[in-house]
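Heads up: the structure comes next, in structure tokens.
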Amino acid sequence: MIAYEWVVWFILLLPLGAFLVIGLVGRRLPEGGGTIAVGAMTGSFVLSMYVFIQVLQQGGLGGGFIPQTIPGYVWIPSLLPETSIKISLLIDNLSSLMLVLVSFLCLLIFVYSLGYMHEEDGKARYYAEVSLFATGMLGTVSADNFLQLLIFWEIMGLCSYLLIGFWYSKPEAAAAAKKAFLVTRVGDVLFLVGVLVIWNVFGTLSFSEIQGKMASLYPNTLTPQLLTLIPLLLFGGAVGKSAQFPLHAWLPDAMEGPTTVSALIHAATMVKAGVYLTARAFIFLVPLSSAIQPPFTAILVIAAIGGFTTLFAATMAVVNFDIKRVLAFSTISQLAYMFLGLGAGAYTMATEVSRGEAVDSAGYSAALYHLFNHAFFKALLFLGAGSVIHAVHTNDMREMGGLSKPLPITSKAMLFGGLALAGILPFSGFFSKGEILSVTFDAGAANPGFYWLWALGVGTAFLTAFYTFRLWFMTFHGEYRGHDHPHESPRVMTAPLIILAGFTLASGLLAYPMGGFGNLIFSGAPAAGLPLVGIPVQDYLLEGVSMGVAVLGLALAWAVYATKRIPAERFTASRGGAFIHRMLTKRYWIDDAYDAFGRTVVYDAARALDWFDRKVIDGIVNGVGRGGVVVAGGSDQFDRRVIDGAVNAVSLETVRTSLRLRQRQTGQVQSYAWVVVLGIVVVIALVFGLSFLQRWLGGLGR
Amino acid sequence: MLIEFPILTYIVLLPAVGAVFTYLTGSDRTARAVALAFSLVVLGLCTVLLMGFLWPNVISVPTMTTAGNHTYFAVEETPWVPSLHINYVMGADELSVVLVFLNALLTPLALAISWDEHHRVPAFFAMFLFMETTINGVFLSLDLFQFFVFWEVGLIPMYFLIAVWGGPRKRQAAFKFFMYTFLASLPLLVAIFAFYFYSNPGTPCTSLGSLAPCPFDMRAIIATTPIPAGTIGDLMFVALLIAFGTKLPTWPLHTWLPDAHVEAPTGGSVILAGVLLKLGGYGLIRFNVQMIPQAAMDMYWLLALAGVISILYGAIVCLAQDDLKRMVAFSSVSHMGFVTLGIAAGVYGFTISGRGAVLGLTGAIFQMFAHGLVSAALFMVAGSLGHTLGTRNISELGGIAKRAPRMATFMMISFMASLGLPGLVGFVAEFSVFLGVYAAFGLLVFVPILTVILTAAYFIWAMQRAIFGPLNPKWEAMPDLHRFEVAPLAVLVAAFAVFGIVPVLFLSLISNWAQGILGGL
């Protein structure tokens with residue numbers, strides 16, 4: 001139980017309030033309302049710590065804390081009150097840890113922004129949008145059900161869109177924002193369908209209620225096909241949000257946004273939401289009942305996409321010269337590691353469940369541990385890159401070099417981050433990445449396919465170390481190749497760097513005092529001691545392998561970019577090498593293919609349909625209308641020629657008659673007398689006729 | 001608190017009285033003020049009525065009639081043409097009260113956005129109030145004859161709004177609008193005759209417990225469903241679908257809409273898209289579902305098909321539009337498709353999965369409300385843009401966020417609401433409809449759900465070209481939104497958020513009603 005549970009709401013409401021205040025009056029506030037954003041985030045962080053500490057105290061390490069739902073309100077009512085969709089918060093080990101992680105990183109990056117964004121126009125817009133983003137991310141990780149997760153997930157997507165397009169006057173930024181929104185939208189649709197299926201099957205969307213109903217609904221309502229489909233649909237959302245193949249294309253372009261945004265949204269937090277969602281989908285992947293056949297196909301898809309993407313993205317990082325894009329490809333690759341870990345872990349767990357053995361949640365723990373570590377070291381790397389860009393005003397590493405002298409703090413901080421990313425002992429990446437790889441290797445016992453995925457992972461570890469130190473050497477080593485006068489960033493920017501650099505060490509060693517990271521995110525299954533606490537010797541070997549290849553990668557980078565003993569041109573000298581280089585710089589032509597698809601197929605279809613609408617459908621309508629006009633014209637002619645013709649003929653006749661009559665006006669009295677007589681006859685006839693007509697009409701009336 | 005006056009008659013007739021006053025005032029300034037004052041009074045009355053439904057303990061709405069298993073509130077009844085058993089019957093239920101509130105909310109906003117109209121101002125503002133009377137009349141009439149009178153008379157003010165205050169091709173568009181919708185009402189008239197003859201005009205009205213016959217009384221028809229199932233019912237269904245589908249509009253009866261919108265003045269577009277289209281959805285539910293439920297069960301597939309085609313067709317055609325208003329008009333076709341689809345899912349799905357189907361129909365009704373708010377904002381933005389710049393063509397804009405940040409912000413928020421961003425009102429409606437569609441049709445939901453991507457594509461792409469990118473030097477000196485434009489947009493944006501975050505305000509009302517309707521099928 002959390003004391004004063006309503007305060008949990010304020011973790012979300014504080015940044016939301018900051019968004020509203022800054023959005024409405026931010027332009028009139030000092031620093032564009034940046035201080036308000038920082039203040040609100042401090043509040044959120046303090047409250048998150050308050051919750052987290054209680055969770056730890058009450059659960060003790062080992063996960064005895066009973067997940068608690070903080071009640072909210074009904075969002076969509078339904079026939080039966082219990083099938084209503086509610087908005088409420090969930091506090092369990094995982095969400096309380098994520099709340100702390102997210103609010104802490106948001107706070108650090110908001111503080112850094114005070115320096116980084118100081119000279120920008122539109123600061124109010126920036127702080128309003130990042131505050132809304134913080135609300136979205138905190139809401140995502142504390143959501144109690146899948147729909148609420150989707151709602152906050154999309155709010156984050158909106159903020160990501162807006163912040164990528166922060167410098168919207170730049171056509172590249174506007175295009176990148178559009179791409180990010182649309183590509184992730186494809187994943188979101190799958191996620192949405194997943195939510196539809198879940199509600200219709202379970203009558204609820206809440207994580208805990210779903211888990212409870214699983215056994216009773218299987219296999220009639222919840223058919224094995226649906227059990228496979230649901231996690232795959234959810235994973236579809238994760239693929240979009242976490243930029244996995246084939247929906248990865250938006251993330252490198254997203255680097256058009258301010259670097260703080262790249263650090264916060266596109267490295268540390270939002271892109272992790274996909275991993276978080278997949279972790280929540282474990283209730284489907286690993287049903288904790290041996291009566292239910294686990295969806296092995298779905299698990300294999302997740303692991304395979306993870307394993308493939310990790311190498312795929314790393315290869316593109318190797319050839320890029322844009323410091324931020326290298327980091328972006330690296331983010332994709334590292335996120336893929338997490339999916340690989342989740343997939344391998346789920347496979348092992350599912351196998352154990354179906355055999356009725358004790359369940360070992362090592363993969364789950366390792367993936368989330370990597371999420372945790374990566375959030376720190378990648379945020380650090382991006383903020384460091386931001387500091388470098390702040391100093392040299394370019395993203396291009398070819399115009400950098402030798403910056404370790406003017407930027408001593410930044411260069412050391414980034415070295416820490418680089419070592420963590422490369423997975424060198426004792427930095428954090430080593431522990432979690434090594435653990436993911438050994439879990440993958442272990443899953444090979446159940447399905448040999450995992451040995452292949454392990455090989456991909458090890459290859460990636462080599463490339464990771466290589467591109468990371470390629471980046472570091474090109475930026476900080478050698479001579480300065482640009483034309484600026486670089487200088488170290490202000491304290492407000494370097495302080496967060498130093499703090500984060502400390503965490504690249506601390507977050508890796510954290511597992512020891514906790515008796516294993518798994519204890520922090522205990523998922524209802526034992527073996528929380530992992531990683532590194534009481535694990536078999538074989539795993540030390542595997543960890544050794546992964547670190548060994550990392551050292552090799554580092555050494556290669558040293559040889560190519562620091563000492564230049566091996567010239568970089570050697571790799572592109574052969575025709576094959578040149579082709580590969582071209583393929584990698586073109587990002588395997590996938591972006592071009594998407595562009596072409598949008599530009600030609602979709603847009604041409606739209607234009608064809610528009611033509612159809614104007615010419616055929618509206619054409620028929622207008623044709624009918626015109627037909628009506630023709631008919632009307634015809635009847636008009638009839639009216640003029642025949643009916644009016646008759647009338648005109650009469651009047652014409654009158655004129656003619658009068659002309660003739662004029663000739664009769666001869667002045668002779670006799671002829672006048674005749675006329676008078678004739679006139680009297682006519683008048684009498686008319687009178688009689690009228691009275692007859694009147695009588696006739698009267699008869700009708702009667 | 002008990003409402004002790006004929007509130008519905010006030011709601012219907014007060015705007016018309018206001019229209020007369022507005023027309024008679026000599027000066028433009030007083031005309032605006034009088035019109036706005038009347039519309040606000042009507043909004044107040046509608047809010048009171050709505051609160052009577054939401055919180056019956058606080059405000060109680062009197063005189064309810066229960067016919068069959070449906071209850072109508074605040075009923076007023078007086079003989080009108082006794083020889084033909086035509087009565088003046090007003091009554092509200094949950095369906096009508098939501099739509100009447102929407103109309104009452106949008107009318108003052110439409111007046112506000114038209115504040116700087118300077119051509120024949122008294123007549124212009126009077127037309128809006130006249131329009132409000134006829135629309136409220138349609139929603140609240142419970143007598144077929146009376147319904148049809150309001151239905152047809154409603155075309156006149158909109159015709160004049162387009163024909164007198166419209167754009168360059170106003171005559172043609174107004175004529176097309178009038179003729180198209182007028183002709184489409186003929187099947188409705190035929191259907192009304194059919195109801196009359198099948199409900200035994202000579203026998204007493206047992207369903208309402210009265211001795212006089214009631215062949216035109218909608219309550220009695222809903223309670224007794226006199227039309228025999230089979231061919232006649234199905235033909236009636238198609239006839240009514242043509243009548244209401246044109247108003248909605250559903251594919252392929254939609255082509256009057258883009259033309260009318262492109263030429264209509266901004267305020268006219270707001271009412272046209274915001275409320276007038278809802279008459280179609282209201283008719284579909286009131287007539288096709290409630291009065292001939294058996295035929296609806298037979299012909300649900302036609303509704304579903306029309307809905308899905310409209311949804312996708314409208315969205316794809318949007319991608320090819322250059323005129324913002326035309327794009328928004330086609331997006332209306334697409335979004336109103338959710339109404340048709342949701343109704344179909346509700347009717348068909350109820351036999352399979354009760355809870356999902358109810359949400360389908362609930363979503364259809366809520367979509368009418370949501371689309372009313374969102375399309376109003378969309379047309380305000382597009383209209384103001386055309387008003388300030390003299391063009392609405394996306395290709396001629398570019399980067400205007402730099403010069404007109406408020407315009408860009410409102411455009412973005414309304415686009416986001418329209419593309420179904422969670423947290424705003426449109427998502428709630430679309431999500432409920434999709435839940436219903438999955439409940440009824442299973443994974444076929446993948447077909448209509450493609451629109452989620454397409455809709456995002458045309459809106460996001462339009463924004464990229466219109467408000468982002470480098471500023472087109474032509475608009476270096478463009479002014480931002482005026483205060484009279486900001487005010488109505490701000491009200492709408494607040495409504496997006498309120499109904500997006502706590503949709504249960506209306507949803508519980510609507511879903512209880514929808515459940516009652518479907519349970520009675």
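Labels for the structure tokens follow display order: chains A, B, ..., residues from 1 in each chain, ligands from 1.
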
* Asked: Taking only C-alpha atoms into account, which residues of chain A are within 8 Å of chain B, as a PyMOL selection string?
  -> chain A and resi 74-80+150-152+154-155+168-171+174-175+178+181-182+185-186+189+193+196-197+199-200+603+605-607+609-610+613+617-618+621

* From a DSSP pass on the backbone, collect the residues of range 167-410 of chain B flagged as helix (DSSP H, G or I) and hand them back as a ChimeraX atom specification. => /B:170-198,218-224,231-247,256-263,266-289,293-319,324-349,354-389,394-396,405-410

* Among listed residues B:Leu111, B:Ala19, B:Ala191, B:Val98, nearest Gly233 in chain B (using only C-alpha atoms) -> B:Ala191

* To do: Do a neighbour search on range 442-450 of chain A at 10 Å with only C-alpha atoms, toss out local chain neighbours closer than 2 positions, and write the hits as a PyMOL selection string.
  => chain A and resi 300+303-304+307+340-341+343-349+351-352+363+436-440+452-456+538-539+542

Using C-alpha atoms, can you write the selected residues to a file as a PDB file, in the first residue's frame?
ATOM      1  CA  LEU A 300      10.125 -16.138 -32.065  1.00  0.00           C
ATOM      2  CA  ALA A 303      13.289 -12.320 -30.865  1.00  0.00           C
ATOM      3  CA  ALA A 304      14.036 -12.572 -34.579  1.00  0.00           C
ATOM      4  CA  GLY A 307      18.203 -10.045 -33.423  1.00  0.00           C
ATOM      5  CA  LEU A 340      16.145  -9.927 -28.346  1.00  0.00           C
ATOM      6  CA  GLY A 341      16.503 -10.297 -24.596  1.00  0.00           C
ATOM      7  CA  GLY A 343      12.183 -12.719 -26.827  1.00  0.00           C
ATOM      8  CA  ALA A 344      14.865 -15.118 -25.647  1.00  0.00           C
ATOM      9  CA  GLY A 345      13.757 -14.714 -22.044  1.00  0.00           C
ATOM     10  CA  ALA A 346      10.132 -15.300 -22.936  1.00  0.00           C
ATOM     11  CA  TYR A 347      11.036 -18.384 -24.927  1.00  0.00           C
ATOM     12  CA  THR A 348      12.885 -19.880 -22.012  1.00  0.00           C
ATOM     13  CA  MET A 349      10.151 -18.971 -19.584  1.00  0.00           C
ATOM     14  CA  THR A 351       9.269 -23.553 -22.328  1.00  0.00           C
ATOM     15  CA  GLU A 352       9.676 -23.917 -18.604  1.00  0.00           C
ATOM     16  CA  GLY A 363      15.741 -12.533 -20.036  1.00  0.00           C
ATOM     17  CA  ILE A 436      21.116 -10.472 -22.825  1.00  0.00           C
ATOM     18  CA  LEU A 437      23.600 -12.364 -24.970  1.00  0.00           C
ATOM     19  CA  SER A 438      24.010 -15.184 -22.464  1.00  0.00           C
ATOM     20  CA  VAL A 439      20.246 -15.496 -22.078  1.00  0.00           C
ATOM     21  CA  THR A 440      19.959 -15.726 -25.852  1.00  0.00           C
ATOM     22  CA  TRP A 452      21.997 -17.729 -34.745  1.00  0.00           C
ATOM     23  CA  LEU A 453      20.462 -14.768 -32.996  1.00  0.00           C
ATOM     24  CA  TRP A 454      23.267 -14.948 -30.451  1.00  0.00           C
ATOM     25  CA  ALA A 455      25.793 -14.817 -33.287  1.00  0.00           C
ATOM     26  CA  LEU A 456      24.068 -11.702 -34.663  1.00  0.00           C
ATOM     27  CA  GLN A 538      29.208 -20.795 -18.510  1.00  0.00           C
ATOM     28  CA  ASP A 539      27.701 -17.340 -18.424  1.00  0.00           C
ATOM     29  CA  LEU A 542      29.695 -15.850 -22.633  1.00  0.00           C
TER      30      LEU A 542
END

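When CA of Tyr458 in chain B is paired with CA of Trp165 in chain B, their separation reads 29.2 Å.
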
* Asked: Skipping near chain neighbours, those fewer than 5 positions away, what residues fall within 6 Å of range 335-339 of chain B using only C-alpha atoms, listed as a PyMOL selection string?
  -> chain B and resi 307+310-311+364

* To do: Considering only C-alpha atoms, return as a ChimeraX atom specification whatever protein or nucleic-acid residues lie within 10 Å of range 290-300 of chain B, sequence-local ones (same chain, fewer than 3 positions apart) excluded.
  => /B:195,218-238,283-287,303-306,340-341,343-349,351,517-518,520-521

* Could you state the separation of CA of Pro448 in chain B and CA of Thr228 in chain A in Å, given to one decimal place? -> 22.6 Å

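With only C-alpha atoms as the atoms that count, the minimum distance from Met214 in chain A to the choices A:Pro294, A:Gly136, A:Pro67, A:Pro406 is reached by A:Pro294.
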
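Non-sequential neighbours of Ala487 in chain B (distance at most 9 Å, separation of 4 or more positions within a chain, only C-alpha atoms) are Leu109, Ala112, Ile113, His482, Arg483, Val491 and Leu492 of chain B.
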
Pull N, CA and C atoms from the residues just selected and write them as a PDB file, in the first residue's frame.
ATOM      1  N   LEU B 109     -21.115  30.059 -32.003  1.00  0.00           N
ATOM      2  CA  LEU B 109     -19.729  30.058 -32.483  1.00  0.00           C
ATOM      3  C   LEU B 109     -19.690  30.434 -33.966  1.00  0.00           C
ATOM      4  N   ALA B 112     -20.052  34.053 -34.167  1.00  0.00           N
ATOM      5  CA  ALA B 112     -18.839  34.766 -33.765  1.00  0.00           C
ATOM      6  C   ALA B 112     -17.811  34.771 -34.893  1.00  0.00           C
ATOM      7  N   ILE B 113     -17.654  33.624 -35.550  1.00  0.00           N
ATOM      8  CA  ILE B 113     -16.618  33.547 -36.584  1.00  0.00           C
ATOM      9  C   ILE B 113     -17.012  34.394 -37.785  1.00  0.00           C
ATOM     10  N   HIS B 482      -7.853  37.056 -35.678  1.00  0.00           N
ATOM     11  CA  HIS B 482      -8.436  38.134 -34.879  1.00  0.00           C
ATOM     12  C   HIS B 482      -9.050  37.563 -33.615  1.00  0.00           C
ATOM     13  N   ARG B 483      -9.408  38.483 -32.736  1.00  0.00           N
ATOM     14  CA  ARG B 483      -9.968  38.023 -31.470  1.00  0.00           C
ATOM     15  C   ARG B 483     -11.282  37.270 -31.687  1.00  0.00           C
ATOM     16  N   VAL B 491     -13.069  27.968 -27.606  1.00  0.00           N
ATOM     17  CA  VAL B 491     -14.172  27.217 -26.995  1.00  0.00           C
ATOM     18  C   VAL B 491     -14.165  25.781 -27.524  1.00  0.00           C
ATOM     19  N   LEU B 492     -13.993  25.657 -28.832  1.00  0.00           N
ATOM     20  CA  LEU B 492     -14.022  24.314 -29.422  1.00  0.00           C
ATOM     21  C   LEU B 492     -12.861  23.467 -28.925  1.00  0.00           C
TER      22      LEU B 492
END
